[in-house]
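File shown: data-v1.cif. Contents: mmCIF, C-alpha atoms and all ligand atoms.
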```cif
data_query
loop_
_atom_site.label_atom_id
_atom_site.label_comp_id
_atom_site.auth_asym_id
_atom_site.auth_seq_id
_atom_site.Cartn_x
_atom_site.Cartn_y
_atom_site.Cartn_z
CA MET A 1 16.41 27.96 158.19
CA ASP A 2 18.90 27.54 155.38
CA LEU A 3 21.04 24.86 153.82
CA ASN A 4 24.05 25.66 155.97
CA THR A 5 22.10 25.14 159.17
CA ILE A 6 20.89 21.83 157.80
CA LYS A 7 24.38 20.72 156.80
CA GLN A 8 25.81 21.68 160.15
CA PHE A 9 23.07 19.84 161.99
CA LEU A 10 23.54 16.65 159.98
CA TYR A 11 27.31 16.77 160.35
CA GLU A 12 27.30 17.40 164.08
CA TYR A 13 24.36 15.17 164.98
CA ASP A 14 25.19 13.27 168.16
CA GLY A 15 21.88 11.68 169.11
CA PRO A 16 20.96 8.00 168.94
CA ASP A 17 22.20 6.14 165.84
CA MET A 18 19.83 6.35 162.90
CA ASN A 19 19.53 4.02 159.94
CA ILE A 20 17.81 5.77 157.07
CA MET A 21 16.86 3.87 153.96
CA GLU A 22 16.57 5.48 150.57
CA VAL A 23 14.06 3.21 148.90
CA CYS A 24 14.59 4.51 145.42
CA GLY A 25 17.46 3.65 143.11
CA SER A 26 17.60 7.18 141.70
CA HIS A 27 18.22 8.41 145.23
CA THR A 28 20.97 5.82 145.73
CA ALA A 29 22.61 7.17 142.58
CA ALA A 30 22.13 10.83 143.60
CA ILE A 31 23.45 10.21 147.12
CA ALA A 32 26.63 8.67 145.77
CA LYS A 33 27.06 11.32 143.09
CA ASN A 34 26.69 14.17 145.57
CA GLY A 35 28.98 12.57 148.14
CA ILE A 36 26.27 12.79 150.77
CA PRO A 37 27.60 10.05 153.11
CA GLY A 38 30.68 12.23 153.70
CA LEU A 39 28.49 15.14 154.83
CA LEU A 40 26.80 13.18 157.59
CA SER A 41 27.68 12.45 161.19
CA LYS A 42 28.91 8.90 161.90
CA LYS A 43 25.63 8.34 163.70
CA ILE A 44 23.56 8.62 160.56
CA HIS A 45 23.72 5.54 158.36
CA LEU A 46 22.29 5.47 154.86
CA ILE A 47 20.99 2.13 153.62
CA SER A 48 19.98 1.43 150.03
CA GLY A 49 16.66 -0.26 149.50
CA PRO A 50 14.79 -2.27 146.89
CA GLY A 51 13.95 0.75 144.78
CA CYS A 52 14.91 -0.16 141.27
CA PRO A 53 12.37 -2.09 139.21
CA VAL A 54 15.12 -3.67 137.15
CA CYS A 55 16.91 -5.03 140.20
CA VAL A 56 13.86 -6.61 141.77
CA THR A 57 12.59 -8.39 138.67
CA PRO A 58 12.84 -12.14 139.27
CA SER A 59 14.78 -14.46 136.97
CA ALA A 60 11.66 -16.33 135.77
CA TYR A 61 10.48 -13.10 134.19
CA ILE A 62 13.72 -12.68 132.25
CA ASP A 63 13.59 -16.34 131.23
CA ARG A 64 10.10 -15.85 129.83
CA LEU A 65 11.29 -12.85 127.80
CA LEU A 66 14.10 -14.98 126.43
CA GLU A 67 11.64 -17.65 125.30
CA LEU A 68 9.52 -15.00 123.59
CA ALA A 69 12.52 -13.43 121.85
CA LYS A 70 13.37 -16.81 120.35
CA GLN A 71 9.85 -17.46 119.05
CA GLU A 72 9.10 -16.94 115.36
CA ASN A 73 7.47 -13.66 114.42
CA THR A 74 7.92 -12.30 117.91
CA CYS A 75 9.90 -9.30 119.04
CA VAL A 76 10.63 -8.33 122.64
CA VAL A 77 10.66 -4.57 123.15
CA THR A 78 12.35 -3.21 126.25
CA PHE A 79 13.99 -0.31 128.06
CA GLY A 80 17.77 -0.58 127.74
CA ASP A 81 18.23 -1.21 131.45
CA LEU A 82 16.81 -4.70 131.22
CA LEU A 83 19.11 -5.96 128.46
CA ARG A 84 21.92 -7.21 130.66
CA VAL A 85 19.92 -8.49 133.63
CA PRO A 86 20.68 -12.18 134.14
CA GLY A 87 17.84 -14.70 134.02
CA SER A 88 18.57 -18.15 135.41
CA GLU A 89 21.17 -18.63 132.64
CA LYS A 90 21.23 -15.88 130.06
CA SER A 91 20.30 -12.25 129.48
CA LEU A 92 18.34 -10.55 126.70
CA ARG A 93 21.54 -9.23 125.24
CA MET A 94 22.96 -12.74 124.94
CA ILE A 95 19.81 -13.99 123.26
CA LYS A 96 19.95 -11.10 120.85
CA GLY A 97 23.49 -12.17 119.95
CA GLU A 98 22.16 -15.64 119.29
CA GLY A 99 19.55 -14.39 116.83
CA GLY A 100 16.62 -13.68 119.16
CA ARG A 101 14.71 -10.51 118.33
CA VAL A 102 15.03 -7.78 120.94
CA GLU A 103 14.55 -4.04 120.35
CA MET A 104 15.35 -1.24 122.74
CA VAL A 105 13.18 1.88 123.09
CA TYR A 106 12.97 4.97 125.29
CA SER A 107 9.21 5.00 125.54
CA PRO A 108 6.68 2.16 125.58
CA MET A 109 4.66 4.27 123.14
CA ASP A 110 7.30 3.61 120.46
CA ILE A 111 5.95 0.10 120.15
CA LEU A 112 2.82 1.44 118.39
CA GLU A 113 4.80 2.51 115.34
CA MET A 114 6.67 -0.80 115.21
CA ALA A 115 3.43 -2.76 115.37
CA LYS A 116 1.93 -0.72 112.58
CA ASN A 117 4.91 -1.25 110.29
CA GLU A 118 5.03 -5.00 110.84
CA PRO A 119 1.50 -6.34 111.27
CA GLU A 120 2.69 -9.96 111.04
CA THR A 121 4.95 -9.68 114.06
CA CYS A 122 3.81 -9.86 117.67
CA PHE A 123 5.56 -7.17 119.74
CA VAL A 124 5.86 -7.87 123.46
CA PHE A 125 6.74 -4.99 125.75
CA ALA A 126 8.77 -5.91 128.83
CA ALA A 127 6.60 -3.85 131.14
CA VAL A 128 8.58 -3.51 134.36
CA GLY A 129 8.18 -0.60 136.72
CA PHE A 130 6.80 0.93 139.86
CA GLU A 131 3.89 3.33 140.29
CA THR A 132 5.87 5.86 138.26
CA THR A 133 5.81 3.83 135.07
CA THR A 134 2.49 1.97 135.31
CA PRO A 135 0.50 5.03 134.13
CA VAL A 136 2.58 5.02 130.94
CA TYR A 137 1.50 1.43 130.31
CA ALA A 138 -2.08 2.49 130.99
CA LEU A 139 -1.72 5.13 128.23
CA LEU A 140 -0.38 2.44 125.92
CA MET A 141 -3.32 0.17 126.80
CA GLN A 142 -5.70 3.02 125.97
CA GLU A 143 -4.26 3.13 122.44
CA LEU A 144 -4.27 -0.64 122.01
CA VAL A 145 -7.93 -0.83 122.95
CA LYS A 146 -8.99 2.28 121.07
CA TYR A 147 -7.41 1.23 117.77
CA ASP A 148 -7.99 -2.48 118.31
CA ILE A 149 -4.30 -3.27 117.89
CA LYS A 150 -3.80 -6.99 118.11
CA ASN A 151 -0.07 -7.50 117.66
CA VAL A 152 1.10 -5.79 120.85
CA LYS A 153 1.19 -7.51 124.23
CA LEU A 154 2.63 -6.73 127.65
CA LEU A 155 4.68 -9.02 129.83
CA THR A 156 4.24 -7.26 133.15
CA ALA A 157 6.34 -7.17 136.30
CA LEU A 158 4.74 -4.14 137.92
CA LYS A 159 5.36 -3.39 141.55
CA THR A 160 3.95 -1.12 144.23
CA MET A 161 6.13 0.46 146.88
CA PRO A 162 4.08 0.79 150.07
CA GLU A 163 3.57 -2.97 150.32
CA ALA A 164 7.29 -3.60 149.85
CA ILE A 165 8.20 -1.02 152.49
CA GLY A 166 5.65 -2.59 154.82
CA PHE A 167 7.28 -5.96 154.19
CA LEU A 168 10.70 -4.60 155.15
CA CYS A 169 9.32 -3.13 158.39
CA GLU A 170 7.49 -6.36 159.13
CA ASN A 171 10.61 -8.45 158.60
CA GLY A 172 12.85 -6.64 160.96
CA ALA A 173 14.89 -4.50 158.61
CA PRO A 174 16.65 -2.16 161.06
CA ILE A 175 15.30 1.15 159.80
CA ASP A 176 14.55 4.39 161.66
CA GLY A 177 13.47 6.51 158.71
CA PHE A 178 12.76 6.38 155.00
CA ILE A 179 13.55 8.70 152.14
CA ALA A 180 10.38 7.98 150.20
CA PRO A 181 10.71 7.44 146.45
CA GLY A 182 10.24 10.79 144.73
CA HIS A 183 8.87 9.87 141.36
CA VAL A 184 6.63 7.16 142.75
CA SER A 185 5.18 9.85 145.02
CA VAL A 186 4.53 12.13 142.05
CA VAL A 187 1.90 9.61 140.96
CA THR A 188 0.68 8.16 144.27
CA GLY A 189 0.88 11.30 146.39
CA SER A 190 2.79 11.51 149.66
CA LYS A 191 -0.32 10.41 151.56
CA ILE A 192 0.17 6.83 150.50
CA PHE A 193 3.02 6.40 153.00
CA GLU A 194 1.06 7.68 155.99
CA PRO A 195 -0.44 4.35 157.09
CA ILE A 196 2.98 2.66 157.27
CA ALA A 197 4.56 5.66 158.96
CA GLU A 198 1.87 5.56 161.62
CA LYS A 199 1.88 1.80 162.04
CA TYR A 200 5.63 1.56 162.64
CA ASP A 201 6.28 5.03 164.11
CA ILE A 202 8.81 5.71 161.39
CA PRO A 203 9.24 9.11 159.72
CA PHE A 204 9.17 9.44 155.92
CA GLY A 205 10.62 12.31 153.92
CA VAL A 206 9.59 12.61 150.30
CA SER A 207 12.60 13.99 148.48
CA GLY A 208 13.71 15.29 145.12
CA PHE A 209 16.99 14.26 143.54
CA GLU A 210 19.22 17.31 144.07
CA GLY A 211 21.79 17.18 146.83
CA ALA A 212 20.12 20.04 148.73
CA GLU A 213 16.74 18.35 148.51
CA ILE A 214 18.08 15.09 149.86
CA LEU A 215 19.83 16.88 152.74
CA THR A 216 16.60 18.69 153.60
CA ALA A 217 14.69 15.43 153.67
CA LEU A 218 17.37 13.82 155.85
CA TYR A 219 17.21 16.76 158.22
CA ALA A 220 13.45 16.41 158.55
CA ILE A 221 13.70 12.64 159.07
CA VAL A 222 16.37 12.87 161.75
CA LYS A 223 14.40 15.58 163.55
CA MET A 224 11.23 13.47 163.42
CA ARG A 225 12.91 10.35 164.82
CA GLY A 226 10.36 7.97 166.34
CA GLN A 227 7.40 9.87 164.91
CA GLY A 228 5.13 8.24 162.37
CA ARG A 229 4.84 11.17 160.01
CA VAL A 230 5.31 11.91 156.37
CA ILE A 231 6.81 15.18 155.26
CA ASN A 232 6.84 16.28 151.65
CA CYS A 233 10.19 17.87 150.81
CA TYR A 234 9.55 17.75 147.04
CA PRO A 235 6.55 20.08 146.73
CA ALA A 236 7.41 21.20 143.19
CA VAL A 237 5.95 17.99 141.80
CA VAL A 238 4.57 15.98 144.70
CA THR A 239 1.22 16.68 146.32
CA ALA A 240 -0.59 14.78 149.06
CA GLU A 241 -3.03 13.28 146.57
CA GLY A 242 -0.66 12.72 143.63
CA ASN A 243 -1.75 12.57 140.01
CA VAL A 244 -5.33 11.40 140.36
CA GLU A 245 -5.93 11.12 136.63
CA ALA A 246 -2.94 8.85 136.25
CA GLN A 247 -4.17 6.75 139.16
CA GLU A 248 -7.54 6.39 137.48
CA SER A 249 -6.06 5.29 134.17
CA VAL A 250 -4.07 2.66 136.01
CA GLU A 251 -7.21 1.48 137.81
CA THR A 252 -9.00 1.06 134.51
CA PHE A 253 -6.56 -1.49 133.16
CA PHE A 254 -4.71 -3.00 136.11
CA GLU A 255 -5.61 -4.67 139.38
CA PRO A 256 -3.58 -5.43 142.51
CA ALA A 257 -1.86 -8.80 142.66
CA ASP A 258 0.81 -10.60 144.66
CA ALA A 259 4.24 -10.06 143.17
CA VAL A 260 7.61 -11.75 143.41
CA TRP A 261 10.57 -9.51 144.21
CA ARG A 262 14.03 -10.78 143.42
CA GLY A 263 15.53 -11.95 146.67
CA MET A 264 12.52 -11.14 148.82
CA GLY A 265 10.01 -13.63 147.43
CA SER A 266 6.31 -13.06 147.02
CA ILE A 267 4.84 -10.02 148.78
CA PRO A 268 1.04 -9.98 148.98
CA GLY A 269 -0.62 -7.20 147.03
CA SER A 270 2.69 -5.63 145.97
CA GLY A 271 2.09 -5.77 142.23
CA ARG A 272 -0.30 -4.98 139.44
CA ILE A 273 -1.48 -7.15 136.58
CA LEU A 274 -3.81 -6.53 133.68
CA ARG A 275 -7.44 -6.98 134.61
CA GLU A 276 -9.19 -10.14 133.47
CA GLU A 277 -11.03 -8.32 130.68
CA TYR A 278 -7.71 -7.25 129.15
CA ALA A 279 -6.06 -10.65 129.51
CA VAL A 280 -5.69 -10.93 125.71
CA PHE A 281 -3.02 -8.26 125.96
CA ASP A 282 -1.05 -10.25 128.53
CA ALA A 283 1.91 -12.28 127.30
CA GLY A 284 1.79 -14.69 130.24
CA SER A 285 2.65 -12.59 133.29
CA ARG A 286 0.58 -14.40 135.87
CA ASP A 287 2.70 -17.42 136.70
CA LEU A 288 6.19 -16.01 136.74
CA THR A 289 7.02 -16.68 140.34
CA GLU A 290 10.30 -18.54 140.25
CA ASP A 291 13.48 -16.75 141.21
CA LYS A 292 16.61 -18.78 140.56
CA LYS A 293 19.96 -17.17 141.18
CA LYS A 294 22.53 -17.29 138.45
CA ASN A 295 25.35 -17.26 140.95
CA GLN A 296 24.47 -18.89 144.28
CA ALA A 297 26.88 -16.66 146.15
CA CYS A 298 25.13 -13.45 145.04
CA ARG A 299 23.63 -11.69 148.05
CA CYS A 300 21.24 -9.36 146.26
CA ASP A 301 18.46 -10.43 148.60
CA GLN A 302 20.24 -9.08 151.67
CA VAL A 303 21.46 -6.03 149.78
CA LEU A 304 17.93 -5.19 148.66
CA MET A 305 16.58 -5.52 152.19
CA GLY A 306 19.27 -3.28 153.62
CA LYS A 307 20.75 -6.08 155.72
CA ILE A 308 24.23 -5.85 154.22
CA LYS A 309 26.11 -3.23 152.23
CA PRO A 310 27.07 -4.15 148.67
CA THR A 311 30.72 -4.17 149.71
CA GLU A 312 29.95 -6.97 152.18
CA CYS A 313 29.05 -9.34 149.36
CA PRO A 314 32.05 -11.63 148.78
CA LEU A 315 31.68 -11.31 145.00
CA PHE A 316 31.55 -7.51 144.98
CA GLY A 317 34.17 -5.95 142.73
CA LYS A 318 35.96 -9.27 142.23
CA VAL A 319 33.73 -11.78 140.46
CA CYS A 320 30.88 -9.31 140.11
CA THR A 321 31.45 -6.03 138.25
CA PRO A 322 29.28 -3.93 135.92
CA LEU A 323 30.96 -5.65 132.98
CA LYS A 324 30.30 -9.12 134.37
CA PRO A 325 27.28 -8.71 136.66
CA GLN A 326 26.37 -11.76 138.73
CA GLY A 327 23.22 -10.26 140.16
CA ALA A 328 20.73 -7.65 139.02
CA CYS A 329 21.92 -5.04 141.53
CA MET A 330 25.16 -4.71 139.57
CA VAL A 331 23.36 -4.20 136.25
CA SER A 332 21.08 -1.20 136.42
CA THR A 333 22.75 2.18 136.80
CA GLU A 334 20.38 2.66 139.72
CA GLY A 335 21.26 -0.71 141.21
CA ASN A 336 22.78 -0.63 144.69
CA CYS A 337 25.89 -2.62 143.81
CA PHE A 338 26.44 -0.74 140.56
CA SER A 339 26.18 2.60 142.32
CA TRP A 340 28.56 1.63 145.12
CA TYR A 341 31.02 0.15 142.65
CA SER A 342 31.08 2.99 140.17
CA ASN A 343 31.34 5.66 142.87
CA HIS A 344 33.92 3.74 144.96
CA ARG A 345 31.52 4.17 147.85
CA GLU A 346 32.59 2.61 151.11
CA VAL A 347 30.12 3.83 153.73
CA MET B 1 15.14 3.09 135.08
CA CYS B 2 12.65 5.63 135.99
CA VAL B 3 14.35 8.92 135.61
CA ALA B 4 11.99 11.80 135.07
CA LEU B 5 13.17 15.16 133.77
CA PRO B 6 11.60 18.61 133.90
CA GLY B 7 11.01 20.47 130.64
CA THR B 8 8.70 23.08 129.12
CA VAL B 9 5.78 22.37 126.80
CA LEU B 10 6.24 24.32 123.56
CA GLU B 11 3.41 22.96 121.42
CA LEU B 12 0.53 20.64 121.80
CA ASP B 13 -1.14 18.73 119.00
CA GLY B 14 -3.88 16.53 120.39
CA ASP B 15 -2.10 14.17 122.76
CA VAL B 16 1.37 14.82 121.44
CA ALA B 17 3.44 17.58 123.02
CA ILE B 18 6.77 19.03 122.01
CA VAL B 19 8.76 19.50 125.19
CA ASP B 20 11.92 21.56 125.47
CA PHE B 21 14.72 20.33 127.72
CA SER B 22 17.20 23.20 127.80
CA GLY B 23 17.36 23.45 124.02
CA ASN B 24 16.64 19.80 123.17
CA GLN B 25 13.19 19.35 121.77
CA VAL B 26 11.51 16.02 122.27
CA ARG B 27 8.08 14.60 121.54
CA ALA B 28 6.20 13.43 124.60
CA ARG B 29 2.75 12.02 125.11
CA ALA B 30 0.25 14.04 127.11
CA GLY B 31 -2.86 12.41 128.53
CA LEU B 32 -2.03 11.80 132.18
CA VAL B 33 -2.51 15.41 133.23
CA PRO B 34 -3.98 18.40 131.34
CA VAL B 35 -1.26 20.68 129.99
CA VAL B 36 -1.02 23.82 127.85
CA PRO B 37 1.98 25.33 126.05
CA GLY B 38 4.23 27.12 128.53
CA ASP B 39 3.67 24.60 131.34
CA ARG B 40 6.68 23.17 133.15
CA VAL B 41 6.27 19.41 133.17
CA LEU B 42 7.98 16.24 134.37
CA VAL B 43 8.53 13.68 131.61
CA HIS B 44 9.06 9.99 132.23
CA ALA B 45 9.44 7.27 129.58
CA GLY B 46 8.20 9.57 126.85
CA CYS B 47 5.06 10.66 128.71
CA ILE B 48 4.18 13.75 130.70
CA LEU B 49 3.75 12.56 134.26
CA GLN B 50 2.93 15.73 136.13
CA LYS B 51 3.10 19.50 136.02
CA VAL B 52 5.95 21.18 137.90
CA SER B 53 4.86 24.05 140.06
CA THR B 54 6.96 27.15 139.59
CA ASP B 55 6.53 28.92 142.90
CA THR B 56 8.84 26.54 144.70
CA ALA B 57 10.40 29.31 146.74
CA ASP B 58 7.12 29.77 148.61
CA GLU B 59 6.68 26.06 148.92
CA MET B 60 10.09 25.57 150.46
CA GLU B 61 9.30 28.28 152.95
CA ASP B 62 6.08 26.48 153.86
CA LEU B 63 8.03 23.28 154.18
CA PHE B 64 10.54 24.77 156.60
CA ARG B 65 7.70 26.25 158.60
CA GLU B 66 6.13 22.79 158.76
CA ILE B 67 9.38 21.21 159.96
CA ASP B 68 9.71 23.90 162.63
CA GLU B 69 6.15 23.31 163.76
CA ILE B 70 6.69 19.58 164.05
CA LEU B 71 9.76 20.20 166.14
CA SER B 72 8.12 22.57 168.54
CA GLU B 73 5.20 20.25 169.30
S1 LIG A 401 12.54 6.92 140.41
FE1 LIG A 401 11.19 5.16 140.66
S2 LIG A 401 12.04 3.49 139.49
FE2 LIG A 401 13.53 5.09 139.58
S3 LIG A 401 14.74 4.38 141.19
FE3 LIG A 401 13.23 5.80 142.09
S4 LIG A 401 11.55 4.55 142.67
FE4 LIG A 401 12.89 3.34 141.42
S1 LIG A 402 27.89 -7.54 144.28
FE1 LIG A 402 27.02 -8.71 142.59
S2 LIG A 402 26.83 -10.76 143.40
FE2 LIG A 402 27.06 -9.39 145.14
S3 LIG A 402 25.00 -8.85 145.75
FE3 LIG A 402 25.67 -7.30 144.33
S4 LIG A 402 24.93 -8.02 142.38
FE4 LIG A 402 24.84 -9.76 143.74
#
```

Could I get this file's structure written as structure tokens?
Amino acid sequence: MDLNTIKQFLYEYDGPDMNIMEVCGSHTAAIAKNGIPGLLSKKIHLISGPGCPVCVTPSAYIDRLLELAKQENTCVVTFGDLLRVPGSEKSLRMIKGEGGRVEMVYSPMDILEMAKNEPETCFVFAAVGFETTTPVYALLMQELVKYDIKNVKLLTALKTMPEAIGFLCENGAPIDGFIAPGHVSVVTGSKIFEPIAEKYDIPFGVSGFEGAEILTALYAIVKMRGQGRVINCYPAVVTAEGNVEAQESVETFFEPADAVWRGMGSIPGSGRILREEYAVFDAGSRDLTEDKKKNQACRCDQVLMGKIKPTECPLFGKVCTPLKPQGACMVSTEGNCFSWYSNHREV
Amino acid sequence: MCVALPGTVLELDGDVAIVDFSGNQVRARAGLVPVVPGDRVLVHAGCILQKVSTDTADEMEDLFREIDEILSE
């Protein structure tokens, strides 16, 4: 079998309609960039899912970061993606403009140097992420504990994918197959999706981020229609078991918890928080459950659950653009609305 | 947010690795998976997340065989 056979199959497919969700925001971006919708038969529909940790972070979490940034001797440290995400009123970038202290970094580990240079300041890392990023926070925790560093804390909004995918299946999202998140699978292993695949008789393809890899995964998913199986189309970095050492580090510091997803509400067991014995490192993550919309007309919830396309939101491209985002999906470069907008995607 | 890029480990000093991304050299933390200089690795948020296996050609062949087998069941 080669890529041309796969392309031809996907283009000429004339079986029952198939809705395939790419859970991961990086896939949404790669699909748009590679023009994949145009290579598929009209019977194959791609739906974007809740796969960007920035997009699913609830407004209460942002609001808490804003409070912290305004406090004396406190500095919020974050990945750049989070800066423009709206809380119930404002974003981190706005607070920074008003004199709040917010620093942007590429790696959570950078906070160690900052903390060392300014022992009087409390540095709070905005620890958002899925299974991919949680091991990095576990590495950071290792350092904090080992060197007894007291002026670094984490405000966590950590999420786990299988529970969220299960929630979508449970709540009638019309999905016949999933492109499983690639980098999440690097850590968790492809095995983690097997129970859901079996329970709902839905095929999963673990995919990389190149056009050819995505097409291969789509091919496998379409061929496995109705079968509860997981196939690993990203064997260069994904194994069945995943990175067991990383999983163990995560286990050491974090435990499962219910988590609130923007637009979807609380999903049991779909998050991670610091274990009780490390609670001193927590900047108040446990009670951040509220999720107020900045703009009531924003339909991020339905977009994230694959119930509507971004273009079906009445604000899309008019009131809501990457320069003036009304909802989180228009902020992150991996956000569904952002990706559709910036690639002029229509189907 | 969670892009991860493949690079090659050039040096390793304790838990700190120098990783080459097609000519750009960047410091990355090791510690989530054992690595040695020369390894291809996937880096996310400044940390090495996993090793990249280099015999992907074989693996893709296995994969296609698996898909074929599933189909013929
Ligand atoms: S790579 Fe991870 S964080 Fe990034 S979009 Fe995919 S699942 Fe989400
Ligand atoms: S287009 Fe904007 S307002 Fe509409 S769902 Fe997307 S982010 Fe929300």

Problem set entry | Coordinates-based distance that separates CA of Leu63 in chain B from CA of Ser26 in chain A (Å, one decimal) | 22.5 Å

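Minimum distance to chain B across A:Thr78, A:Thr311, A:Thr321, A:Asn295 (counting all atoms listed in the file) occurs at A:Thr78.
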
Exercise. If we count all atoms listed in the file, which residues of chain B reach to within 6 Å of chain A? Please list them as a PyMOL selection string.
Worked result: chain B and resi 32+45-46+52-53+56

Problem set entry | Within-6 Å residues of ligand LIG 402 (chain A), basis only C-alpha atoms and all ligand atoms, as a ChimeraX atom specification | /A:298-300,310,313,315-316,320,325-330,337

Any chance you can output those residues with C-alpha atoms as a CSV table (one decimal), keeping the file's coordinate frame?
```csv
chain,number,residue,atom,x,y,z
A,298,CYS,CA,25.1,-13.4,145.0
A,299,ARG,CA,23.6,-11.7,148.0
A,300,CYS,CA,21.2,-9.4,146.3
A,310,PRO,CA,27.1,-4.2,148.7
A,313,CYS,CA,29.0,-9.3,149.4
A,315,LEU,CA,31.7,-11.3,145.0
A,316,PHE,CA,31.6,-7.5,145.0
A,320,CYS,CA,30.9,-9.3,140.1
A,325,PRO,CA,27.3,-8.7,136.7
A,326,GLN,CA,26.4,-11.8,138.7
A,327,GLY,CA,23.2,-10.3,140.2
A,328,ALA,CA,20.7,-7.6,139.0
A,329,CYS,CA,21.9,-5.0,141.5
A,330,MET,CA,25.2,-4.7,139.6
A,337,CYS,CA,25.9,-2.6,143.8
```

For this session: Place a sphere of radius 10 Å on (0.6, -4.7, 142.0) in the file coordinates and name every protein, DNA or RNA residue with an atom inside or on its surface, counting only C-alpha atoms; give the answer as a PyMOL selection string.
Result: chain A and resi 130-131+134+156-161+163+254-259+267-274

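One distance worth recording is that between CA of Ala4 in chain B and CA of Thr239 in chain A, which is 16.3 Å.
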
Seminar exercise, completed: Between CA of Ala283 in chain A and CA of Ile149 in chain A lies a distance of 14.4 Å

Problem set entry | Selection near Val41 in chain B, 10 Å with only C-alpha atoms, sequence-local residues under 6 positions removed, as a list in words | Val237 of chain A; Ala4, Leu5, Pro6, Gly7, Thr8, Val9, Val19, Asp20, Val33, Val35, Cys47, Ile48, Leu49, Gln50, Lys51, Val52 and Ser53 of chain B

For this session: Name all residues at most 6 Å from Arg262 in chain A (count only C-alpha atoms; drop same-chain ones fewer than 2 positions away) and give them as a ChimeraX atom specification.
Result: /A:56-58,264
